[in-house]
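Enquirer: Let me give you the structure first, and then I'll get to my questions.
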Amino acid sequence: MGTIFLKNINKSFGSTEVLKQLSLDIQDGEFLTLVGPSGCGKSTLLKIIAGLEQQNSGDVIIDDKNVNSTRASKRDLAMVFQSYALYPHLTVRKNLETPLKLRDYSFVERLPLIGNFVPSRKEKKKSIDDLVFKTSETLKITELLDRKPGQLSGGQRQRAALGRAMVREPVAFLMDEPLSNLDAALRVHMRSELSELHNSLKTTFIYVTHDQAEALTMSTRMAVMIDGELLQLDTPSEVYNNPSSLRVAEFVGSPKINTFAAQISSDGSVEFMGIKLERKFNTNSQKALVAVRPEHLEITKDSNKPAFEATVSYRENLGSDIFYHVQVDQSESKIIVRGSPQAGLISNGETVRISPSHAEAMLFETSGERIR
Amino acid sequence: MHHSKAHIWFVWPAIILMIVILILPIFLAGGISFTNYNLGNSSFEWVGTENYEKMFSRKTYIKMIISTATYVLIVVPVSVVLGLVAAIMLNSLRFGADIYKTIFFLPVMATLLAMAIAWEFTLHPTLGIINSFLANGCGGIREFILGFHWLPWVSSEDSWYSVACANNMDFPYWLKDKKTAIWTICFIGVWQAFGFNMVLYLAGLTSIPRELYNAAEMDGAQSTWEQFKLVTWPMLGPTTLFVVTITTIRSFQVFDTIEILTKGGPAKTTYVMMYAIFEKAIQQNITSIGAAITVVFIIFIILLTFFQRYVIEKRVHY
């Protein structure tokens, strides 16, 4: 079992409110990412779940048991830290043994010399050795067991930290930006490894990241947090395609979603940049914002399609995709459009016609709520 | 190919200075220790190892070694442990830490000379406040606490306090008694050194990443002792090495308290090496013996440094 409920969590440091009435319901065996810009309180939330930080009010319930007054070491969770926090003076083997020894050995068995004479220690030592070996095989770090963390590369350290969390079978794994210290290629590689690990362990993972790509690729559900509030909790595709508010839409997705000022007529039809959307919306507002993702804007030569004109000011060629930063008028801010390399390169300064995909355009109140 | 010799010209002033100021005096002392030279004499004779033989056969020098060893072996461990304990306690304080730091550091900042005079008054057998405090406490609560009457196995008639009270206020003579002098000097040494060690440990403690404690907590290290064993102590390894080395060398060099308070006495019980060198070479003008003690002193320090370099450093994680 590994269900975790958070109920109305509040946390403030001095007068700064970090978490505001946050509730979250994490199911057994799911890979939940807490994603949000830095400073949104996601790491604090993870520490509150772990018990390393005390909430000001609210409840943390693990496996139907209220753990508000249970200290971190008794909550039976494992954590992987951003800095890995391996014990630098111990070999990888000793690092992996530490959580097992601290939990399984009695006080007498842990004593440096006398402990060796306690008969039960021998059996326990054997089972600890087996567990360490098994874990190191899973993570492919067996040949690194006798090295110290200082002699390992970033990726190897990351594995060792993962190993230390994995050796015992915790209720859930908590990960605090574990990949952010790795280089880009390794990060992408570790993403898939972590997903596989989750599939094979079937334990609850709670994963904190500021990188929405990690959240989108790995998680079964993602919780988008901004300014200490949980804005949306849903599957990655739902969060991406159907964001509940403009802030979520702007945070998730790279490059950032484009927004346009729009006018709504009394019959509910929406017009922006001289284009009338085919769909009608049910709202009383007269002004709103239309948001369209870069891939849903098309550079078109077809003069029959409803479109607006813009000037290309900057071109980002990523190989598989090309993103054009275009300027609509002098006054408007820049818009990003995805073009396919097959269509041929458009050079800076050229004027293009841009046509939005009507089905994918989303409408938001000027205050940020979604209009459906 | 042309080789420029210019680099030699740049280097030689420094090398010559180094030899003249740092290396030559040591060899000079080594040389003098094998002669009977006294400062001011126009000639000298080589006497071989006579000076050293004197050192290891005469009672005075045996006492010198014993008092120096006692001082070092008491002051180093006690001031290091006290410094560590004080640093850990201060580190956990939320406020007021600065005041404590200042107070504990005061003995380090104050000149030992002035402090030693203060100690001399405090510890005076008849006029000092310590003994008058003890004398006024006869039969009272002070006698009960300091006489250890609260321990079940101490009878209230036989405790040292009661005996002293009964014998016309015969309290310890501290620096004037050969049984207590060296311990009193050690106490002043600890009092003076531990504030410095505490500051070094405080610096070491702040450099331990918080996440390691969090990791230890998640791994199940519940008691403060477990966390200390798993994180604090190993991470303080380099600091401890430095603190122990510095304190040891400074303890070997103890001089000012001895010079002011005891002059090596009573009965040579506080006759430490530095004071012996001073007495022989400067006061009695027996330069050759002074040189021999200096050489032994240097050998002690070098042995210690080697021990630190090759034995302890291997066990310390950086």
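A note on labels: chains of the structure tokens are A, B, ... as shown, every chain counts residues from 1, and ligands are counted from 1 in their shown order.
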Per residue of chain A within 6 Å of chain B, what are the shortest atom pair and its distance in Å to one decimal, counting only C-alpha atoms, with rows by chain and residue number, as a Markdown table?

Expert:
```
| residue | atom | partner | partner_atom | distance |
| --- | --- | --- | --- | --- |
| A:Ala72 | CA | B:Met218 | CA | 6.0 |
| A:Ser73 | CA | B:Gly220 | CA | 4.5 |
| A:Ala85 | CA | B:Leu212 | CA | 5.2 |
| A:His89 | CA | B:His317 | CA | 5.4 |
| A:Pro99 | CA | B:Asp219 | CA | 4.4 |
| A:Leu102 | CA | B:Gly220 | CA | 5.7 |
```

Enquirer: Include C-alpha atoms and write out the residues we just selected as a PDB file, in the first residue's frame.

Expert:
```pdb
ATOM      1  CA  ALA A  72      10.360  11.367   9.322  1.00  0.00           C
ATOM      2  CA  SER A  73      12.305   8.234  10.192  1.00  0.00           C
ATOM      3  CA  ALA A  85      23.172  13.597  -0.097  1.00  0.00           C
ATOM      4  CA  HIS A  89      32.981   9.192   3.847  1.00  0.00           C
ATOM      5  CA  PRO A  99      19.191   2.507   5.977  1.00  0.00           C
ATOM      6  CA  LEU A 102      19.675   1.608  11.108  1.00  0.00           C
TER       7      LEU A 102
END
```

Enquirer: Near Leu46 of chain A, counting only C-alpha atoms, which residues have an atom at most 8 Å away, once you skip same-chain residues fewer than 5 positions from it, shown as a tab-separated table (two decimals) with C-alpha atoms, in the first residue's frame?

Expert:
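Printed below is out-v1.tsv as written:
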```
chain	number	residue	atom	x	y	z
A	174	LEU	CA	10.00	10.88	-2.72
A	176	ASP	CA	13.37	16.08	-5.11
A	206	ILE	CA	6.24	11.35	-5.79
A	208	VAL	CA	9.25	17.04	-7.69
```

Enquirer: Can you pull out the residues contacting Ile258 of chain B? Cut-off 9 Å, using only C-alpha atoms, and skip same-chain residues under 5 positions away; I want them as JSON, numbers by chain.

Expert: {"B": [116, 185, 263, 264, 265, 270, 271, 272, 275]}

Enquirer: If we count only C-alpha atoms, what is near Gly344 of chain A at a cut-off of 12 Å, once residues fewer than 3 positions away on the same chain are taken out, given as number ranges by chain?

Expert: A: 299, 317, 321-322, 339-341, 347

Enquirer: Just checking: using only C-alpha atoms, which residue out of B:Cys186, B:Met198, B:Leu304, B:Ile249 ends up closest to Ile74 of chain B?

Expert: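 Using only C-alpha atoms, the shortest distance to Ile74 of chain B belongs to B:Cys186.
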
Enquirer: Could you check how far atom CA of Ala261 of chain A sits from atom CA of His210 of chain A, in Å to one decimal?

Expert: 28.4 Å

Enquirer: Write out as a ChimeraX atom specification the residues lying within 10 Å of Leu134 of chain B, counting only C-alpha atoms and excluding same-chain residues fewer than 6 positions away.

Expert: /B:142-143,146,161,164-165,169,171
